[in-house]
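Quick notes on the structure that follows.
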Number of protein chains: 2
Amino acid sequence: MSFDFTTYLPYLINRTGVELAGAFSREIAQHGVTLPMWRVLAALHYRDGLRISDVAGLTSIDISTLSRLIGKMEKRGLVIRRRSPEADGRVVTVVVTPAGQAATRAIVPVAQRYEAIALAGFTTDEAAALKQMLIRVYGNLSGDALDSAA
Amino acid sequence: MSFDFTTYLPYLINRTGVELAGAFSREIAQHGVTLPMWRVLAALHYRDGLRISDVAGLTSIDISTLSRLIGKMEKRGLVIRRRSPEADGRVVTVVVTPAGQAATRAIVPVAQRYEAIALAGFTTDEAAALKQMLIRVYGNLSGDALDSAA
DNA sequence: GCAGGATATTTGCAAATGCAAATACCGCGT
DNA sequence: ACGCGGTATTTGCATTTGCAAATATCCTGC
């Protein structure tokens, strides 16, 4: 049973993610935003007015967790839930408030700094290659590939 | 405020980790083991009889969460807590039982299959390069680099 | 125009999580 | 031998999480 823990891809990804999340979380707490909240803000910065389910898809946060998280963010004045009566009445879209935009503006430089720390010593090409490979891995995992394997 | 969400490293790492974890968890549940439990088993497969704090370091699981997790694993007969009276009496080491070994044997092939799925389309060199880069990133994050940045 | 199945979100609930305080133990200095 | 700061683990507690069921709305066929 040969199994080398230390070069096992899911392990390497997990520990890197946890480490990244921990340090970053502590710092953005000063801006009154938790890490999951930042993820939502980042998704909405990419495109404002997304539906809850779209935010879930982008952030990999469970949709029920997200529903409650959006509630908290609403209470903190970061976002607003909006139901459009004209469109599909089941859909809730999430819109960033000015306060949410301010929080995003404050955190983006922190986020960029952390990425720079993570990629210290990487050439531009190396960093791009790493990202591209992670995108490929994600592509391999999403959707049907897994179902057929199970 | 330029910030491209879709090529932001922590984002790419997080979503890949979540996707990987979700599919894999569902499958190993059939073996009566949760994902955090598998992480512990994998760490102990690497080296049996580790201290709780060492397992925490290897698995990136919080030490208090781990204390309770080990308790559950003990109840399921996967591992045993051991306090050696001769050595430092504060230390608890964790030892795998035959049932734990059997579970590990059952899951290792599943784990390998998932890694293969994740790395589908990668050459051996590419896969090695990806892993090596993740190890470098982790190195950049652990320890002092972050303190000086905060 | 209405029943019935599909989709989007919310809510109930039990379990997992992480921080901080408590506990147990070590070893040094006196 | 004793107290004291330091380390390893556990426990208390409030929060977060995710699955499954409930709710609300939509849409198609009749």
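Residue numbers start at 1 in each chain; chains themselves are named A, B, ... in the order of the structure tokens; ligands are numbered from 1 in the order shown.
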Chain A contacts on chain B, only C-alpha atoms, 6 Å, as JSON, numbers by chain: {"B": [14, 15, 16, 17, 60, 118, 137, 138, 140, 141]}
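Nearest residue to chain B, choosing from C:DA3, C:DT30, C:DA20, C:DC13 and counting only C-alpha atoms (C1' of nucleotides): C:DA20.
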Enumerate, as a short mmCIF file (atom, residue, chain, number, x, y, z; two decimals) with C-alpha atoms, in the first residue's frame, the complete set of residues in range 27-139 of chain A that a backbone-based DSSP assignment places in alpha helix (DSSP H).
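The new file out.cif reads:
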```cif
data_model
loop_
_atom_site.label_atom_id
_atom_site.label_comp_id
_atom_site.auth_asym_id
_atom_site.auth_seq_id
_atom_site.Cartn_x
_atom_site.Cartn_y
_atom_site.Cartn_z
CA GLU A 27 -6.47 40.53 9.04
CA ILE A 28 -9.77 41.33 7.37
CA LEU A 35 -13.73 35.36 5.10
CA PRO A 36 -16.99 33.95 3.70
CA MET A 37 -18.31 37.49 3.53
CA TRP A 38 -15.26 38.60 1.62
CA ARG A 39 -15.82 35.76 -0.81
CA VAL A 40 -19.31 37.03 -1.45
CA LEU A 41 -18.08 40.59 -1.87
CA ALA A 42 -15.42 39.40 -4.30
CA ALA A 43 -18.01 37.55 -6.34
CA LEU A 44 -20.21 40.63 -6.41
CA HIS A 45 -17.26 42.77 -7.36
CA TYR A 46 -16.82 40.49 -10.33
CA ILE A 52 -27.95 33.68 -4.60
CA SER A 53 -27.42 30.44 -6.46
CA ASP A 54 -24.87 32.09 -8.74
CA VAL A 55 -22.96 33.39 -5.76
CA ALA A 56 -23.02 29.87 -4.37
CA GLY A 57 -21.58 28.51 -7.59
CA LEU A 58 -18.81 31.10 -7.70
CA THR A 59 -17.83 30.92 -4.06
CA ILE A 63 -26.58 27.61 -0.78
CA SER A 64 -28.28 27.36 2.61
CA THR A 65 -25.22 28.66 4.39
CA LEU A 66 -25.17 31.44 1.87
CA SER A 67 -28.79 32.35 2.48
CA ARG A 68 -28.01 32.95 6.13
CA LEU A 69 -24.73 34.64 5.38
CA ILE A 70 -26.41 37.11 3.05
CA GLY A 71 -28.82 37.82 5.90
CA LYS A 72 -25.95 38.73 8.18
CA MET A 73 -24.32 40.85 5.51
CA GLU A 74 -27.61 42.64 5.01
CA LYS A 75 -27.79 43.42 8.72
CA PRO A 98 -21.90 51.76 -0.76
CA ALA A 99 -20.68 50.38 2.56
CA GLY A 100 -20.08 47.03 0.89
CA GLN A 101 -18.13 48.73 -1.87
CA ALA A 102 -16.06 50.58 0.70
CA ALA A 103 -15.28 47.31 2.46
CA THR A 104 -14.28 45.75 -0.83
CA ARG A 105 -12.04 48.69 -1.66
CA ALA A 106 -10.39 48.35 1.73
CA ILE A 107 -9.83 44.62 1.43
CA VAL A 108 -8.68 44.30 -2.18
CA PRO A 109 -5.18 45.60 -1.39
CA VAL A 110 -4.94 43.19 1.51
CA ALA A 111 -6.00 40.34 -0.75
CA GLN A 112 -3.43 41.34 -3.33
CA ARG A 113 -0.76 41.52 -0.71
CA TYR A 114 -1.55 38.00 0.43
CA GLU A 115 -1.41 36.67 -3.08
CA ALA A 116 1.96 38.33 -3.46
CA ILE A 117 3.18 36.70 -0.26
CA ALA A 118 1.89 33.33 -1.42
CA THR A 124 5.29 35.74 -13.65
CA ASP A 125 5.26 32.68 -15.88
CA GLU A 126 5.38 30.29 -12.98
CA ALA A 127 2.50 32.02 -11.24
CA ALA A 128 0.46 31.95 -14.41
CA ALA A 129 1.25 28.28 -14.91
CA LEU A 130 0.19 27.43 -11.38
CA LYS A 131 -3.11 29.23 -11.78
CA GLN A 132 -3.74 27.65 -15.12
CA MET A 133 -3.12 24.21 -13.70
CA LEU A 134 -5.49 24.84 -10.81
CA ILE A 135 -8.12 25.87 -13.30
CA ARG A 136 -7.52 22.66 -15.21
CA VAL A 137 -7.82 20.59 -12.04
CA TYR A 138 -11.05 22.32 -11.16
CA GLY A 139 -12.33 21.61 -14.65
#
```
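The gap separating CA of Thr97 in chain A from CA of Leu78 in chain A is 5.5 Å, in Å to one decimal.
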Distance C1' of DT17 in chain D-C1' of DA16 in chain C, one decimal place? 7.1 Å
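Going from CA of Arg51 in chain B to CA of Gln30 in chain B covers 27.9 Å.
Every chain D residue lying within 8 Å of chain B, based on only C-alpha atoms (C1' of nucleotides), is listed here: DA8, DT9 and DT10 of chain D.
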Show me which bits of chain C are within 12 Å of chain B, counting only C-alpha atoms (C1' of nucleotides), as a PDB file with N, CA and C atoms (P, O5', C5', C4', C3', O3' and C1' of nucleotides), in the first residue's frame.
```pdb
ATOM      1  P    DA C  15     -26.421  14.547  16.026  1.00  0.00           P
ATOM      2  O5'  DA C  15     -25.105  15.059  15.297  1.00  0.00           O
ATOM      3  C5'  DA C  15     -25.036  15.008  13.878  1.00  0.00           C
ATOM      4  C4'  DA C  15     -23.918  15.913  13.419  1.00  0.00           C
ATOM      5  C3'  DA C  15     -22.625  15.758  14.235  1.00  0.00           C
ATOM      6  O3'  DA C  15     -21.571  15.574  13.312  1.00  0.00           O
ATOM      7  C1'  DA C  15     -23.278  18.046  14.105  1.00  0.00           C
ATOM      8  P    DA C  16     -20.062  15.498  13.806  1.00  0.00           P
ATOM      9  O5'  DA C  16     -19.466  16.912  13.388  1.00  0.00           O
ATOM     10  C5'  DA C  16     -19.640  17.343  12.047  1.00  0.00           C
ATOM     11  C4'  DA C  16     -18.952  18.677  11.847  1.00  0.00           C
ATOM     12  C3'  DA C  16     -17.507  18.732  12.336  1.00  0.00           C
ATOM     13  O3'  DA C  16     -16.787  19.505  11.390  1.00  0.00           O
ATOM     14  C1'  DA C  16     -18.780  20.371  13.451  1.00  0.00           C
ATOM     15  P    DT C  17     -15.221  19.685  11.525  1.00  0.00           P
ATOM     16  O5'  DT C  17     -15.098  21.134  12.178  1.00  0.00           O
ATOM     17  C5'  DT C  17     -15.511  22.254  11.393  1.00  0.00           C
ATOM     18  C4'  DT C  17     -15.402  23.515  12.208  1.00  0.00           C
ATOM     19  C3'  DT C  17     -14.032  23.692  12.871  1.00  0.00           C
ATOM     20  O3'  DT C  17     -13.341  24.713  12.180  1.00  0.00           O
ATOM     21  C1'  DT C  17     -15.850  24.275  14.325  1.00  0.00           C
ATOM     22  P    DG C  18     -11.846  24.973  12.404  1.00  0.00           P
ATOM     23  O5'  DG C  18     -11.854  26.112  13.510  1.00  0.00           O
ATOM     24  C5'  DG C  18     -12.610  27.290  13.277  1.00  0.00           C
ATOM     25  C4'  DG C  18     -12.501  28.192  14.482  1.00  0.00           C
ATOM     26  C3'  DG C  18     -11.103  28.240  15.112  1.00  0.00           C
ATOM     27  O3'  DG C  18     -10.928  29.524  15.646  1.00  0.00           O
ATOM     28  C1'  DG C  18     -12.611  27.460  16.704  1.00  0.00           C
ATOM     29  P    DC C  19      -9.499  30.216  15.608  1.00  0.00           P
ATOM     30  O5'  DC C  19      -9.511  31.145  16.908  1.00  0.00           O
ATOM     31  C5'  DC C  19     -10.588  32.065  17.095  1.00  0.00           C
ATOM     32  C4'  DC C  19     -11.066  32.018  18.531  1.00  0.00           C
ATOM     33  C3'  DC C  19      -9.964  32.246  19.567  1.00  0.00           C
ATOM     34  O3'  DC C  19     -10.201  33.503  20.201  1.00  0.00           O
ATOM     35  C1'  DC C  19     -11.478  30.505  20.220  1.00  0.00           C
ATOM     36  P    DA C  20      -9.066  34.077  21.204  1.00  0.00           P
ATOM     37  O5'  DA C  20      -9.609  33.656  22.649  1.00  0.00           O
ATOM     38  C5'  DA C  20     -11.008  33.700  22.905  1.00  0.00           C
ATOM     39  C4'  DA C  20     -11.291  33.071  24.262  1.00  0.00           C
ATOM     40  C3'  DA C  20     -10.185  33.285  25.291  1.00  0.00           C
ATOM     41  O3'  DA C  20     -10.783  33.420  26.568  1.00  0.00           O
ATOM     42  C1'  DA C  20     -10.533  30.988  24.995  1.00  0.00           C
ATOM     43  P    DT C  23     -10.680  23.733  36.090  1.00  0.00           P
ATOM     44  O5'  DT C  23      -9.640  22.627  35.626  1.00  0.00           O
ATOM     45  C5'  DT C  23     -10.094  21.588  34.776  1.00  0.00           C
ATOM     46  C4'  DT C  23      -8.909  20.835  34.223  1.00  0.00           C
ATOM     47  C3'  DT C  23      -7.950  20.297  35.289  1.00  0.00           C
ATOM     48  O3'  DT C  23      -7.993  18.890  35.209  1.00  0.00           O
ATOM     49  C1'  DT C  23      -6.807  21.213  33.425  1.00  0.00           C
ATOM     50  P    DA C  24      -7.238  18.011  36.325  1.00  0.00           P
ATOM     51  O5'  DA C  24      -5.902  17.610  35.575  1.00  0.00           O
ATOM     52  C5'  DA C  24      -5.971  16.970  34.307  1.00  0.00           C
ATOM     53  C4'  DA C  24      -4.557  16.746  33.813  1.00  0.00           C
ATOM     54  C3'  DA C  24      -3.590  16.334  34.931  1.00  0.00           C
ATOM     55  O3'  DA C  24      -2.799  15.261  34.451  1.00  0.00           O
ATOM     56  C1'  DA C  24      -2.768  18.223  33.788  1.00  0.00           C
ATOM     57  P    DC C  25      -1.865  14.443  35.426  1.00  0.00           P
ATOM     58  O5'  DC C  25      -0.425  14.905  34.952  1.00  0.00           O
ATOM     59  C5'  DC C  25      -0.086  14.791  33.572  1.00  0.00           C
ATOM     60  C4'  DC C  25       1.052  15.734  33.294  1.00  0.00           C
ATOM     61  C3'  DC C  25       2.280  15.513  34.181  1.00  0.00           C
ATOM     62  O3'  DC C  25       3.289  14.911  33.380  1.00  0.00           O
ATOM     63  C1'  DC C  25       1.828  17.813  33.736  1.00  0.00           C
ATOM     64  P    DC C  26       4.637  14.434  34.072  1.00  0.00           P
ATOM     65  O5'  DC C  26       5.595  15.628  33.669  1.00  0.00           O
ATOM     66  C5'  DC C  26       5.916  15.806  32.294  1.00  0.00           C
ATOM     67  C4'  DC C  26       6.691  17.091  32.126  1.00  0.00           C
ATOM     68  C3'  DC C  26       8.046  17.094  32.836  1.00  0.00           C
ATOM     69  O3'  DC C  26       9.059  17.098  31.838  1.00  0.00           O
ATOM     70  C1'  DC C  26       6.830  19.138  33.168  1.00  0.00           C
ATOM     71  P    DG C  27      10.514  16.679  32.259  1.00  0.00           P
ATOM     72  O5'  DG C  27      11.173  18.080  32.638  1.00  0.00           O
ATOM     73  C5'  DG C  27      10.935  19.216  31.830  1.00  0.00           C
ATOM     74  C4'  DG C  27      11.552  20.444  32.466  1.00  0.00           C
ATOM     75  C3'  DG C  27      12.809  20.150  33.301  1.00  0.00           C
ATOM     76  O3'  DG C  27      13.708  21.218  33.119  1.00  0.00           O
ATOM     77  C1'  DG C  27      11.214  21.185  34.647  1.00  0.00           C
TER      78       DG C  27
END
```
According to DSSP computed on the backbone, where in chain B is there strand (DSSP E)? Give the residues as a list in words. Leu50, Arg51, Val79, Ile80, Arg81, Arg82, Thr93, Val94, Val95 and Val96 of chain B
For the selection you just gave me, I'd like the residues written to a file as a CSV table (one decimal), in the first residue's frame, keeping N, CA and C atoms.
```
chain,number,residue,atom,x,y,z
B,50,LEU,N,1.8,9.3,16.3
B,50,LEU,CA,2.1,10.8,16.4
B,50,LEU,C,1.4,11.4,17.7
B,51,ARG,N,1.9,12.5,18.1
B,51,ARG,CA,1.2,13.2,19.2
B,51,ARG,C,0.0,14.0,18.5
B,79,VAL,N,-8.7,4.3,16.1
B,79,VAL,CA,-7.4,4.6,16.8
B,79,VAL,C,-7.5,4.4,18.3
B,80,ILE,N,-6.4,4.5,18.9
B,80,ILE,CA,-6.3,4.5,20.4
B,80,ILE,C,-5.4,5.6,20.9
B,81,ARG,N,-5.9,6.3,21.9
B,81,ARG,CA,-5.1,7.3,22.6
B,81,ARG,C,-4.2,6.5,23.5
B,82,ARG,N,-3.0,7.0,23.6
B,82,ARG,CA,-2.0,6.4,24.5
B,82,ARG,C,-1.2,7.4,25.3
B,93,THR,N,-0.3,10.2,22.5
B,93,THR,CA,0.0,9.8,21.2
B,93,THR,C,-1.2,9.0,20.6
B,94,VAL,N,-1.3,9.0,19.3
B,94,VAL,CA,-2.4,8.3,18.7
B,94,VAL,C,-1.9,7.2,17.9
B,95,VAL,N,-2.5,6.0,18.1
B,95,VAL,CA,-2.1,4.8,17.4
B,95,VAL,C,-3.2,4.2,16.7
B,96,VAL,N,-3.0,3.7,15.5
B,96,VAL,CA,-4.0,3.1,14.6
B,96,VAL,C,-4.3,1.7,15.1
```
